[in-house]
Amino acid sequence: MAGLARSMRRIGPILMGVCLAMCCLSAPAPAWAEGETLAVGVPVDRPPMFYRNDQTGEIDGIGVDLVRMAGEAAGYSVDVKALSEPTLKEALDSDAYDVVMPLGSAIKSAAGTPTVISDNLIQTPFTLVTTDRRSSMPELGSLRVGMLSSQAGVGETIKQIYPGIEITFFGTTDEGVRAMRAGGVDALLNNSYVWSYTLQKPAYSDLVVVPQNMLSMDFKAGAVDTPEGRAAIERLNKGIATLQDTNRQAVVLDHTTRRLYKYDFFDYLYQYMPAVVVCVVLFASLVAYGVQKRREERREQEEKVRDLMENDTLTGALSSMGFKARVAELLRENPDTQYFLTYANIKDFKYINDSLGRKAGDDLLRYWFTRTAAYLTDKEALGRMGGDRLSVLRVATDDDDLYKIDSSVHEHVRNYFVAQGEEYRVRISGGIYALSPEDYENPNVDQMLDYARVAEKRVRETFADGYEFYNAEQWNAGRRNAEIVAHLPAALEGGEIKVWYQPQVDFSTGQIVGAEALCRWEHASLGMLSPAEFIPTLERHDLIHKLDYHVWERACQDLRRWNEQGQRRAISVNLSRSDVREGVDIPSFFSNLIDTYGLDVDQLHIEITESAFVEKAEELIRTTAKLRELGFRVEMDDFGSGYSSLNMLKEVPVDRIKLDLRFLSGEGDMQRGHVIVSHVIQMIASLRMDLIAEGVETEQQALFLQEHGCSCMQGFHFYKPMDVESFEKIVAS
Ligand code: C2E
Ligand code: MG
Ligand code: MG
């Protein structure tokens, strides 16, 4: 405060001098009408001196209140207007205002017109603000000071008072502060009331007021020096004269205590920086924690899924997927251990489920798997390959190892239901594959399982129970079968499948009386295939009907051609048991064929093998009856080769019996065989059925047959099956 008083004392006389000079220069003013409006131009960017009131939208401030009080006391009605010009000097030249504020002393307008200024409305303190926390500052006259460019007028006055001062003007306080922080100026100078507002900005919290260098400035209104300007100022001065210091202090207090400073986003950001940093860090940690947690959950989830996929819930063994992975792992970890891989199946498991209940089936599986698991070490693995299929990767210690397992596990499994008082004995079919050195280098577990499966299949297809070792021939046979099946459609299309004929003769006359159509397959890659090989394969894959439809059709085409050539013949075709399928009406199928090719019904004989009648008795008996009703001749093929031939004779009404002589060719008493044949011939004759003997290989056989009343024959002794061209030649000769 001592500094302030010193400064006031120093500049007081100078200011007064300036004012006096102004007053003396003033010309006499015109008279003003009472109640006239005084337009006062003020800046609005200088709270608390001049600003826009947020609530009312009106221009407000210390300067506004003071000029209004003075104006109204002088009989004006005061209209405060915001300056639209960038500087007060320019505003002085405008017609929009009668007077402008604030001026410290008389200056020239922008146009160069001198001004007339009012008495002092209030003495305003000006203070330096700096970032430098030194206790004292050098004299004002030797400082580099920053001011707002809108205060250029005040700046001019100060420069007159302190010629040594270096003033730099800035557009905004921010620019000034930046320049000061960068060392461009020593301090910023502004109205103390304005500082009281500006320093509320959080970003300026490092700025300090320098009390020693305080100075006091006049706060006046001014107008260009014209008769009107002079009149307005003169009258305003009368009002100013009525202002009391108490009024002034009240106005200052009113505006400096209002919370005028409005925080913007950056202010908040600055003020709450530590809190913001803490929040950001907290938020980031939360996010990171969430992500981590989510990752962990996902990993757990994946582990659960993998566990479900790799383990079987019913038996506790590995699932097929898990087993394969474990086997590959074990082989890589133990390249010097001799392993074998087993694949086993419970025979007729479906029967167990159906007749003893699913639970019994499940219990049996659980029992089998847990007992097997009990004999395993860490270097071995047990997998459930779906359904009732069990696989083990087992270390081979010595040759009879398997039999030990067999007795320790399988004997119990076999008697599982017997032990519960049931009569049923469980049978297991299993295959074993002994691993070769190549299997360890690049484990192909699927392939190894296939090998074991091939061996298992051998047991499955017999009534036997137990294990078989895999051998390469089985594997090759399997591969060949797969190729046959896959290639069938192309073979049918591409003409690889041919129809050959084997003539049937009447031995007494030597005439060819018929022929059997037999298929031949000239396979593109496998060469000539025997029906004995591919027919059972196609039957197993339920594909034989495709081949048969083809053969029947070709035979019908040949018959039509011969009919057209005037050589009417009859041909026997073979019908397989699997041709009789659900949804297929075989008798209608043959009828259509006959119609399509314009044949007579007696030209097509249908051979059905004896054993088929055993397997599909009902369907085949029905089919046979229907075929015969339609006029087809039905023959029972391979008679004597099966087990129930005699029974069949009773049950199945056929037109002709095809007696297979090959059953005689096995070991045994030929004499007894002949006795049987002779009696069969007699019996068939008594049943009034026709008879043909097939597989006749010798003259002796032929003579014997004829002697006993069978003259119709087919066999290598007469002709082997031949292609259609050869057949036509032979028949023609
Ligand atoms: P299958 O119907 O009993 O046919 C007679 C088989 O005996 C033919 O064998 C024939 O070549 C052979 N054979 C004929 N005479 C003699 C002989 O004196 N001695 C010997 N050892 N064999 C003789 P193939 O052609 O190999 O046919 C085998 C079986 O394949 C046929 O037995 C038949 O069941 C089946 N088959 C052939 N072609 C077809 C067909 O197109 N469809 C159906 N479903 N089965 C067919
Ligand atoms: Mg046949
Ligand atoms: Mg036959």
# chains A, B, ... in the order shown; residues from 1 in each chain; ligands from 1
>>> residues_near_ligand(ligand="ligand 2", cutoff="8 Å", atoms="only C-alpha atoms and all ligand atoms", output="PDB file with all heavy atoms, in the first residue's frame")
ATOM      1  N   GLU A 516     -26.745-117.185 -69.719  1.00  0.00           N
ATOM      2  CA  GLU A 516     -26.829-116.345 -68.516  1.00  0.00           C
ATOM      3  C   GLU A 516     -26.017-115.079 -68.756  1.00  0.00           C
ATOM      4  O   GLU A 516     -24.889-115.140 -69.251  1.00  0.00           O
ATOM      5  CB  GLU A 516     -26.278-117.093 -67.290  1.00  0.00           C
ATOM      6  CG  GLU A 516     -26.348-116.222 -66.035  1.00  0.00           C
ATOM      7  CD  GLU A 516     -25.854-116.913 -64.761  1.00  0.00           C
ATOM      8  OE1 GLU A 516     -25.384-118.072 -64.843  1.00  0.00           O
ATOM      9  OE2 GLU A 516     -25.943-116.280 -63.688  1.00  0.00           O
ATOM     10  N   ALA A 517     -26.615-113.959 -68.446  1.00  0.00           N
ATOM     11  CA  ALA A 517     -25.909-112.678 -68.583  1.00  0.00           C
ATOM     12  C   ALA A 517     -25.056-112.469 -67.340  1.00  0.00           C
ATOM     13  O   ALA A 517     -25.562-112.495 -66.221  1.00  0.00           O
ATOM     14  CB  ALA A 517     -26.920-111.544 -68.727  1.00  0.00           C
ATOM     15  N   LEU A 518     -23.768-112.303 -67.542  1.00  0.00           N
ATOM     16  CA  LEU A 518     -22.835-112.102 -66.417  1.00  0.00           C
ATOM     17  C   LEU A 518     -22.027-110.835 -66.673  1.00  0.00           C
ATOM     18  O   LEU A 518     -21.555-110.624 -67.785  1.00  0.00           O
ATOM     19  CB  LEU A 518     -21.892-113.301 -66.301  1.00  0.00           C
ATOM     20  CG  LEU A 518     -22.573-114.611 -65.896  1.00  0.00           C
ATOM     21  CD1 LEU A 518     -21.708-115.810 -66.288  1.00  0.00           C
ATOM     22  CD2 LEU A 518     -22.869-114.635 -64.400  1.00  0.00           C
ATOM     23  N   SER A 572     -31.029-115.370 -69.027  1.00  0.00           N
ATOM     24  CA  SER A 572     -31.207-115.291 -67.568  1.00  0.00           C
ATOM     25  C   SER A 572     -30.366-114.139 -67.029  1.00  0.00           C
ATOM     26  O   SER A 572     -29.202-114.006 -67.388  1.00  0.00           O
ATOM     27  CB  SER A 572     -30.717-116.568 -66.886  1.00  0.00           C
ATOM     28  OG  SER A 572     -31.413-117.668 -67.392  1.00  0.00           O
ATOM     29  N   VAL A 573     -30.999-113.313 -66.190  1.00  0.00           N
ATOM     30  CA  VAL A 573     -30.229-112.249 -65.527  1.00  0.00           C
ATOM     31  C   VAL A 573     -30.243-112.503 -64.020  1.00  0.00           C
ATOM     32  O   VAL A 573     -31.137-113.164 -63.511  1.00  0.00           O
ATOM     33  CB  VAL A 573     -30.797-110.833 -65.810  1.00  0.00           C
ATOM     34  CG1 VAL A 573     -30.632-110.448 -67.264  1.00  0.00           C
ATOM     35  CG2 VAL A 573     -32.243-110.714 -65.362  1.00  0.00           C
ATOM     36  N   ASN A 574     -29.229-111.972 -63.353  1.00  0.00           N
ATOM     37  CA  ASN A 574     -29.126-112.186 -61.906  1.00  0.00           C
ATOM     38  C   ASN A 574     -29.750-111.019 -61.136  1.00  0.00           C
ATOM     39  O   ASN A 574     -29.567-109.859 -61.491  1.00  0.00           O
ATOM     40  CB  ASN A 574     -27.656-112.297 -61.505  1.00  0.00           C
ATOM     41  CG  ASN A 574     -27.052-113.606 -61.974  1.00  0.00           C
ATOM     42  OD1 ASN A 574     -27.288-114.663 -61.398  1.00  0.00           O
ATOM     43  ND2 ASN A 574     -26.301-113.543 -63.071  1.00  0.00           N
ATOM     44  N   GLU A 607     -32.731-114.885 -62.119  1.00  0.00           N
ATOM     45  CA  GLU A 607     -32.074-115.779 -61.158  1.00  0.00           C
ATOM     46  C   GLU A 607     -31.939-115.074 -59.808  1.00  0.00           C
ATOM     47  O   GLU A 607     -31.475-113.952 -59.730  1.00  0.00           O
ATOM     48  CB  GLU A 607     -30.663-116.131 -61.652  1.00  0.00           C
ATOM     49  CG  GLU A 607     -30.635-116.965 -62.913  1.00  0.00           C
ATOM     50  CD  GLU A 607     -29.210-117.418 -63.261  1.00  0.00           C
ATOM     51  OE1 GLU A 607     -28.300-117.249 -62.414  1.00  0.00           O
ATOM     52  OE2 GLU A 607     -29.029-117.934 -64.382  1.00  0.00           O
ATOM     53  N   ILE A 608     -32.414-115.786 -58.783  1.00  0.00           N
ATOM     54  CA  ILE A 608     -32.237-115.240 -57.428  1.00  0.00           C
ATOM     55  C   ILE A 608     -31.496-116.301 -56.621  1.00  0.00           C
ATOM     56  O   ILE A 608     -31.936-117.452 -56.566  1.00  0.00           O
ATOM     57  CB  ILE A 608     -33.588-114.938 -56.760  1.00  0.00           C
ATOM     58  CG1 ILE A 608     -34.418-113.982 -57.646  1.00  0.00           C
ATOM     59  CG2 ILE A 608     -33.385-114.324 -55.382  1.00  0.00           C
ATOM     60  CD1 ILE A 608     -35.832-113.735 -57.161  1.00  0.00           C
ATOM     61  N   THR A 609     -30.384-115.893 -56.034  1.00  0.00           N
ATOM     62  CA  THR A 609     -29.568-116.895 -55.344  1.00  0.00           C
ATOM     63  C   THR A 609     -30.291-117.438 -54.109  1.00  0.00           C
ATOM     64  O   THR A 609     -31.011-116.712 -53.416  1.00  0.00           O
ATOM     65  CB  THR A 609     -28.174-116.333 -54.985  1.00  0.00           C
ATOM     66  OG1 THR A 609     -27.387-117.396 -54.489  1.00  0.00           O
ATOM     67  CG2 THR A 609     -28.258-115.233 -53.964  1.00  0.00           C
ATOM     68  N   ASP A 637     -31.019-119.726 -57.973  1.00  0.00           N
ATOM     69  CA  ASP A 637     -29.609-119.861 -58.337  1.00  0.00           C
ATOM     70  C   ASP A 637     -28.825-120.541 -57.215  1.00  0.00           C
ATOM     71  O   ASP A 637     -29.224-120.462 -56.045  1.00  0.00           O
ATOM     72  CB  ASP A 637     -29.053-118.441 -58.574  1.00  0.00           C
ATOM     73  CG  ASP A 637     -27.799-118.435 -59.419  1.00  0.00           C
ATOM     74  OD1 ASP A 637     -27.345-119.525 -59.822  1.00  0.00           O
ATOM     75  OD2 ASP A 637     -27.289-117.320 -59.702  1.00  0.00           O
ATOM     76  N   ASP A 638     -27.727-121.177 -57.597  1.00  0.00           N
ATOM     77  CA  ASP A 638     -26.765-121.736 -56.630  1.00  0.00           C
ATOM     78  C   ASP A 638     -27.397-122.738 -55.671  1.00  0.00           C
ATOM     79  O   ASP A 638     -26.999-122.817 -54.486  1.00  0.00           O
ATOM     80  CB  ASP A 638     -26.100-120.616 -55.812  1.00  0.00           C
ATOM     81  CG  ASP A 638     -25.501-119.543 -56.702  1.00  0.00           C
ATOM     82  OD1 ASP A 638     -24.944-119.913 -57.772  1.00  0.00           O
ATOM     83  OD2 ASP A 638     -25.615-118.352 -56.372  1.00  0.00           O
TER      84      ASP A 638
END
>>> residues_near_ligand(ligand="ligand 3", cutoff="12 Å", atoms="only C-alpha atoms and all ligand atoms", output="MDAnalysis selection string")
chainID A and resid 502 516:518 531:532 572:576 606:611 635:642 657:663 692:696 713:715
>>> write_last_selection(atoms="N, CA, C and O atoms", output="short mmCIF file (atom, residue, chain, number, x, y, z; two decimals), in the first residue's frame")
data_model
loop_
_atom_site.label_atom_id
_atom_site.label_comp_id
_atom_site.auth_asym_id
_atom_site.auth_seq_id
_atom_site.Cartn_x
_atom_site.Cartn_y
_atom_site.Cartn_z
N GLN A 502 -22.91 -116.63 -70.93
CA GLN A 502 -22.46 -118.03 -70.85
C GLN A 502 -23.62 -118.91 -71.35
O GLN A 502 -24.70 -118.92 -70.75
N GLU A 516 -26.75 -117.19 -69.72
CA GLU A 516 -26.83 -116.35 -68.52
C GLU A 516 -26.02 -115.08 -68.76
O GLU A 516 -24.89 -115.14 -69.25
N ALA A 517 -26.62 -113.96 -68.45
CA ALA A 517 -25.91 -112.68 -68.58
C ALA A 517 -25.06 -112.47 -67.34
O ALA A 517 -25.56 -112.49 -66.22
N LEU A 518 -23.77 -112.30 -67.54
CA LEU A 518 -22.84 -112.10 -66.42
C LEU A 518 -22.03 -110.84 -66.67
O LEU A 518 -21.55 -110.62 -67.79
N PRO A 531 -16.49 -110.46 -60.89
CA PRO A 531 -17.73 -110.13 -60.16
C PRO A 531 -17.67 -110.64 -58.74
O PRO A 531 -18.26 -110.05 -57.84
N ALA A 532 -16.95 -111.74 -58.56
CA ALA A 532 -16.84 -112.29 -57.20
C ALA A 532 -16.19 -111.26 -56.27
O ALA A 532 -16.40 -111.30 -55.06
N SER A 572 -31.03 -115.37 -69.03
CA SER A 572 -31.21 -115.29 -67.57
C SER A 572 -30.37 -114.14 -67.03
O SER A 572 -29.20 -114.01 -67.39
N VAL A 573 -31.00 -113.31 -66.19
CA VAL A 573 -30.23 -112.25 -65.53
C VAL A 573 -30.24 -112.50 -64.02
O VAL A 573 -31.14 -113.16 -63.51
N ASN A 574 -29.23 -111.97 -63.35
CA ASN A 574 -29.13 -112.19 -61.91
C ASN A 574 -29.75 -111.02 -61.14
O ASN A 574 -29.57 -109.86 -61.49
N LEU A 575 -30.49 -111.38 -60.10
CA LEU A 575 -31.07 -110.35 -59.24
C LEU A 575 -30.41 -110.52 -57.86
O LEU A 575 -30.38 -111.62 -57.31
N SER A 576 -29.86 -109.43 -57.38
CA SER A 576 -29.18 -109.51 -56.09
C SER A 576 -30.18 -109.23 -54.96
O SER A 576 -31.17 -108.52 -55.17
N ILE A 606 -35.24 -114.73 -64.45
CA ILE A 606 -34.61 -114.00 -63.35
C ILE A 606 -34.06 -114.98 -62.32
O ILE A 606 -34.80 -115.79 -61.76
N GLU A 607 -32.73 -114.89 -62.12
CA GLU A 607 -32.07 -115.78 -61.16
C GLU A 607 -31.94 -115.07 -59.81
O GLU A 607 -31.48 -113.95 -59.73
N ILE A 608 -32.41 -115.79 -58.78
CA ILE A 608 -32.24 -115.24 -57.43
C ILE A 608 -31.50 -116.30 -56.62
O ILE A 608 -31.94 -117.45 -56.57
N THR A 609 -30.38 -115.89 -56.03
CA THR A 609 -29.57 -116.90 -55.34
C THR A 609 -30.29 -117.44 -54.11
O THR A 609 -31.01 -116.71 -53.42
N GLU A 610 -30.06 -118.69 -53.88
CA GLU A 610 -30.75 -119.40 -52.81
C GLU A 610 -30.59 -118.71 -51.45
O GLU A 610 -31.54 -118.52 -50.71
N SER A 611 -29.34 -118.26 -51.17
CA SER A 611 -29.10 -117.69 -49.84
C SER A 611 -29.89 -116.40 -49.62
O SER A 611 -30.20 -116.03 -48.48
N GLU A 635 -35.77 -118.31 -61.36
CA GLU A 635 -34.93 -119.48 -61.11
C GLU A 635 -34.22 -119.31 -59.76
O GLU A 635 -33.82 -118.21 -59.41
N MET A 636 -34.08 -120.46 -59.05
CA MET A 636 -33.33 -120.38 -57.80
C MET A 636 -31.89 -120.76 -58.11
O MET A 636 -31.59 -121.91 -58.43
N ASP A 637 -31.02 -119.73 -57.97
CA ASP A 637 -29.61 -119.86 -58.34
C ASP A 637 -28.83 -120.54 -57.21
O ASP A 637 -29.22 -120.46 -56.04
N ASP A 638 -27.73 -121.18 -57.60
CA ASP A 638 -26.77 -121.74 -56.63
C ASP A 638 -27.40 -122.74 -55.67
O ASP A 638 -27.00 -122.82 -54.49
N PHE A 639 -28.38 -123.47 -56.16
CA PHE A 639 -29.05 -124.43 -55.28
C PHE A 639 -28.03 -125.49 -54.82
O PHE A 639 -27.25 -126.00 -55.60
N GLY A 640 -28.04 -125.76 -53.54
CA GLY A 640 -27.13 -126.75 -52.99
C GLY A 640 -25.90 -126.14 -52.34
O GLY A 640 -25.21 -126.78 -51.57
N SER A 641 -25.66 -124.89 -52.64
CA SER A 641 -24.46 -124.28 -52.05
C SER A 641 -24.76 -123.69 -50.67
O SER A 641 -23.87 -123.45 -49.87
N GLY A 642 -26.03 -123.47 -50.42
CA GLY A 642 -26.39 -122.89 -49.12
C GLY A 642 -26.68 -123.96 -48.10
O GLY A 642 -26.33 -125.13 -48.29
N ILE A 657 -34.84 -124.70 -60.96
CA ILE A 657 -33.78 -124.78 -59.96
C ILE A 657 -32.47 -124.85 -60.71
O ILE A 657 -32.33 -125.59 -61.68
N LYS A 658 -31.51 -124.03 -60.23
CA LYS A 658 -30.16 -124.07 -60.82
C LYS A 658 -29.28 -124.78 -59.84
O LYS A 658 -28.90 -124.21 -58.81
N LEU A 659 -29.02 -126.03 -60.14
CA LEU A 659 -28.23 -126.85 -59.22
C LEU A 659 -26.75 -126.58 -59.44
O LEU A 659 -26.24 -126.76 -60.54
N ASP A 660 -26.09 -126.13 -58.38
CA ASP A 660 -24.66 -125.78 -58.50
C ASP A 660 -23.82 -127.00 -58.21
O ASP A 660 -23.79 -127.47 -57.08
N LEU A 661 -23.15 -127.50 -59.26
CA LEU A 661 -22.38 -128.72 -59.08
C LEU A 661 -21.11 -128.50 -58.30
O LEU A 661 -20.47 -129.44 -57.86
N ARG A 662 -20.74 -127.21 -58.16
CA ARG A 662 -19.46 -126.94 -57.53
C ARG A 662 -19.43 -127.38 -56.07
O ARG A 662 -18.39 -127.54 -55.49
N PHE A 663 -20.59 -127.60 -55.49
CA PHE A 663 -20.57 -128.06 -54.09
C PHE A 663 -20.05 -129.51 -54.02
O PHE A 663 -19.66 -129.99 -52.96
N ILE A 692 -31.67 -127.02 -64.10
CA ILE A 692 -30.46 -126.82 -64.90
C ILE A 692 -29.29 -127.01 -63.96
O ILE A 692 -29.36 -126.58 -62.79
N ALA A 693 -28.27 -127.65 -64.46
CA ALA A 693 -27.08 -127.84 -63.62
C ALA A 693 -26.03 -126.83 -64.08
O ALA A 693 -25.80 -126.67 -65.27
N GLU A 694 -25.43 -126.17 -63.11
CA GLU A 694 -24.37 -125.21 -63.50
C GLU A 694 -23.06 -125.66 -62.87
O GLU A 694 -23.04 -126.48 -61.96
N GLY A 695 -21.98 -125.14 -63.45
CA GLY A 695 -20.66 -125.54 -62.95
C GLY A 695 -20.26 -126.91 -63.47
O GLY A 695 -19.50 -127.63 -62.81
N VAL A 696 -20.80 -127.26 -64.63
CA VAL A 696 -20.46 -128.58 -65.20
C VAL A 696 -19.10 -128.44 -65.89
O VAL A 696 -18.95 -127.67 -66.83
N MET A 713 -27.71 -127.90 -69.12
CA MET A 713 -26.46 -127.67 -68.38
C MET A 713 -25.76 -126.37 -68.78
O MET A 713 -25.94 -125.88 -69.87
N GLN A 714 -24.93 -125.91 -67.84
CA GLN A 714 -24.14 -124.69 -68.06
C GLN A 714 -22.80 -124.93 -67.36
O GLN A 714 -22.78 -125.41 -66.24
N GLY A 715 -21.73 -124.65 -68.07
CA GLY A 715 -20.43 -124.88 -67.39
C GLY A 715 -19.27 -124.79 -68.35
O GLY A 715 -19.44 -124.74 -69.56
#
>>> residues_around(residues="segment 391-398 of chain A", least_positions_apart="3", cutoff="8 Å", atoms="only C-alpha atoms", output="ChimeraX atom specification")
/A:327,337-344,376,379-385,401
>>> atom_distance(atom1="atom CA of Thr623 of chain A", atom2="atom 23 (C, counted along the ligand's line) of ligand 1")
26.9 Å
>>> select_by_dssp(residues="segment 213-274 of chain A", states="alpha helix (DSSP H)", output="compact mmCIF listing (two decimals) with N, CA and C atoms, in the first residue's frame")
# COMPACT_ATOMS: atom_id res chain seq x y z
N PRO A 227 -19.12 21.26 -30.98
CA PRO A 227 -20.04 21.91 -30.04
C PRO A 227 -20.90 20.90 -29.33
N GLU A 228 -21.39 19.86 -30.10
CA GLU A 228 -22.25 18.84 -29.46
C GLU A 228 -21.46 18.05 -28.42
N GLY A 229 -20.23 17.67 -28.81
CA GLY A 229 -19.37 16.89 -27.91
C GLY A 229 -19.10 17.68 -26.64
N ARG A 230 -18.77 18.90 -26.84
CA ARG A 230 -18.47 19.73 -25.67
C ARG A 230 -19.69 19.85 -24.76
N ALA A 231 -20.88 20.07 -25.38
CA ALA A 231 -22.12 20.23 -24.59
C ALA A 231 -22.40 18.98 -23.78
N ALA A 232 -22.23 17.84 -24.45
CA ALA A 232 -22.52 16.57 -23.77
C ALA A 232 -21.59 16.40 -22.58
N ILE A 233 -20.31 16.63 -22.80
CA ILE A 233 -19.33 16.43 -21.73
C ILE A 233 -19.58 17.41 -20.58
N GLU A 234 -19.89 18.64 -20.97
CA GLU A 234 -20.12 19.66 -19.95
C GLU A 234 -21.26 19.24 -19.02
N ARG A 235 -22.35 18.80 -19.70
CA ARG A 235 -23.51 18.43 -18.89
C ARG A 235 -23.22 17.21 -18.04
N LEU A 236 -22.46 16.25 -18.65
CA LEU A 236 -22.11 15.02 -17.93
C LEU A 236 -21.29 15.36 -16.69
N ASN A 237 -20.41 16.34 -16.83
CA ASN A 237 -19.57 16.74 -15.69
C ASN A 237 -20.41 17.18 -14.50
N LYS A 238 -21.56 17.80 -14.82
CA LYS A 238 -22.42 18.22 -13.72
C LYS A 238 -22.89 17.01 -12.94
N GLY A 239 -23.20 15.98 -13.70
CA GLY A 239 -23.65 14.73 -13.05
C GLY A 239 -22.51 14.12 -12.26
N ILE A 240 -21.29 14.13 -12.85
CA ILE A 240 -20.13 13.53 -12.19
C ILE A 240 -19.87 14.23 -10.86
N ALA A 241 -20.13 15.54 -10.87
CA ALA A 241 -19.90 16.32 -9.65
C ALA A 241 -20.79 15.85 -8.50
N THR A 242 -21.90 15.23 -8.88
CA THR A 242 -22.81 14.78 -7.80
C THR A 242 -22.40 13.42 -7.24
N ASP A 245 -17.94 9.55 -3.18
CA ASP A 245 -16.99 8.45 -3.11
C ASP A 245 -17.63 7.16 -2.61
N THR A 246 -18.59 7.35 -1.69
CA THR A 246 -19.27 6.15 -1.16
C THR A 246 -20.03 5.44 -2.26
N ASN A 247 -20.67 6.30 -3.16
CA ASN A 247 -21.37 5.67 -4.30
C ASN A 247 -20.40 4.87 -5.14
N ARG A 248 -19.25 5.52 -5.39
CA ARG A 248 -18.24 4.86 -6.25
C ARG A 248 -17.79 3.54 -5.64
N GLN A 249 -17.49 3.59 -4.31
CA GLN A 249 -17.01 2.36 -3.67
C GLN A 249 -18.05 1.25 -3.72
N ALA A 250 -19.32 1.68 -3.56
CA ALA A 250 -20.41 0.69 -3.60
C ALA A 250 -20.45 0.01 -4.96
N VAL A 251 -20.28 0.85 -6.01
CA VAL A 251 -20.33 0.29 -7.38
C VAL A 251 -19.17 -0.69 -7.59
N VAL A 252 -17.97 -0.27 -7.19
CA VAL A 252 -16.79 -1.14 -7.35
C VAL A 252 -17.00 -2.46 -6.61
N LEU A 253 -17.46 -2.30 -5.37
CA LEU A 253 -17.68 -3.49 -4.54
C LEU A 253 -18.68 -4.43 -5.20
N ASP A 254 -19.75 -3.78 -5.67
CA ASP A 254 -20.81 -4.59 -6.31
C ASP A 254 -20.22 -5.46 -7.42
N HIS A 255 -19.45 -4.85 -8.31
CA HIS A 255 -19.00 -5.61 -9.48
C HIS A 255 -17.79 -6.48 -9.23
N THR A 256 -16.93 -6.08 -8.28
CA THR A 256 -15.75 -6.92 -8.05
C THR A 256 -16.09 -8.14 -7.20
N THR A 257 -17.20 -8.08 -6.49
CA THR A 257 -17.55 -9.27 -5.69
C THR A 257 -18.46 -10.22 -6.45
N PHE A 265 -14.09 -24.84 -20.70
CA PHE A 265 -13.67 -26.24 -20.60
C PHE A 265 -12.20 -26.35 -20.16
N PHE A 266 -11.36 -25.49 -20.78
CA PHE A 266 -9.93 -25.59 -20.48
C PHE A 266 -9.62 -25.17 -19.06
N ASP A 267 -10.43 -24.19 -18.56
CA ASP A 267 -10.25 -23.80 -17.17
C ASP A 267 -10.49 -24.97 -16.23
N TYR A 268 -11.61 -25.64 -16.51
CA TYR A 268 -11.92 -26.80 -15.67
C TYR A 268 -10.82 -27.83 -15.78
N LEU A 269 -10.38 -28.04 -17.04
CA LEU A 269 -9.35 -29.04 -17.29
C LEU A 269 -8.10 -28.70 -16.49
N TYR A 270 -7.75 -27.37 -16.55
CA TYR A 270 -6.54 -26.93 -15.86
C TYR A 270 -6.69 -27.10 -14.36
N GLN A 271 -7.86 -26.61 -13.89
CA GLN A 271 -8.05 -26.62 -12.45
C GLN A 271 -8.07 -28.04 -11.88
N MET A 273 -6.79 -30.65 -13.21
CA MET A 273 -5.82 -31.51 -13.87
C MET A 273 -5.43 -32.74 -13.04
N PRO A 274 -5.05 -32.55 -11.76
CA PRO A 274 -4.65 -33.74 -11.00
C PRO A 274 -5.80 -34.74 -10.92
>>> closest_residue(among="A:Thr157, A:Thr313, A:Thr537, A:Ser508", to="Asn481 of chain A", atoms="only C-alpha atoms")
A:Thr537
>>> closest_residue(among="A:Thr698, A:Asn311, A:Ser149, A:Ser733", to="ligand 1", atoms="only C-alpha atoms and all ligand atoms")
A:Thr698
>>> select_by_dssp(residues="segment 33-193 of chain A", states="strand (DSSP E)", output="VMD selection string")
chain A and resid 37 to 42 45 to 46 50 to 52 59 to 60 77 to 82 99 to 103 115 to 117 122 to 130 144 to 148 166 to 170 187 to 191
>>> residues_around(residues="segment 418-434 of chain A", least_positions_apart="2", cutoff="10 Å", atoms="only C-alpha atoms", output="JSON, numbers by chain")
{"A": [338, 339, 340, 341, 342, 343, 344, 345, 346, 347, 348, 349, 352, 356, 364, 389, 390, 391, 392, 393, 394, 395, 396, 402, 410, 411, 412, 413, 414, 415, 416, 436, 437, 439, 448, 449, 450, 451, 452, 453, 454, 455, 456, 457, 458, 459, 460, 461, 462, 463, 464, 465, 466, 467, 468, 469, 470, 471]}
>>> residues_around(residues="segment 88-105 of chain A", least_positions_apart="4", cutoff="7 Å", atoms="only C-alpha atoms", output="ChimeraX atom specification")
/A:18-19,38-42,83,109-111,153-154,157,217-224,229
>>> closest_residue(among="A:Ala524, A:Ile165, A:Leu538, A:Val129", to="Leu143 of chain A", atoms="only C-alpha atoms")
A:Ile165
>>> residues_around(residues="Gly709 of chain A", least_positions_apart="4", cutoff="12 Å", atoms="only C-alpha atoms", output="PyMOL selection string")
chain A and resi 506-508+677-686+690-693+702-705+713
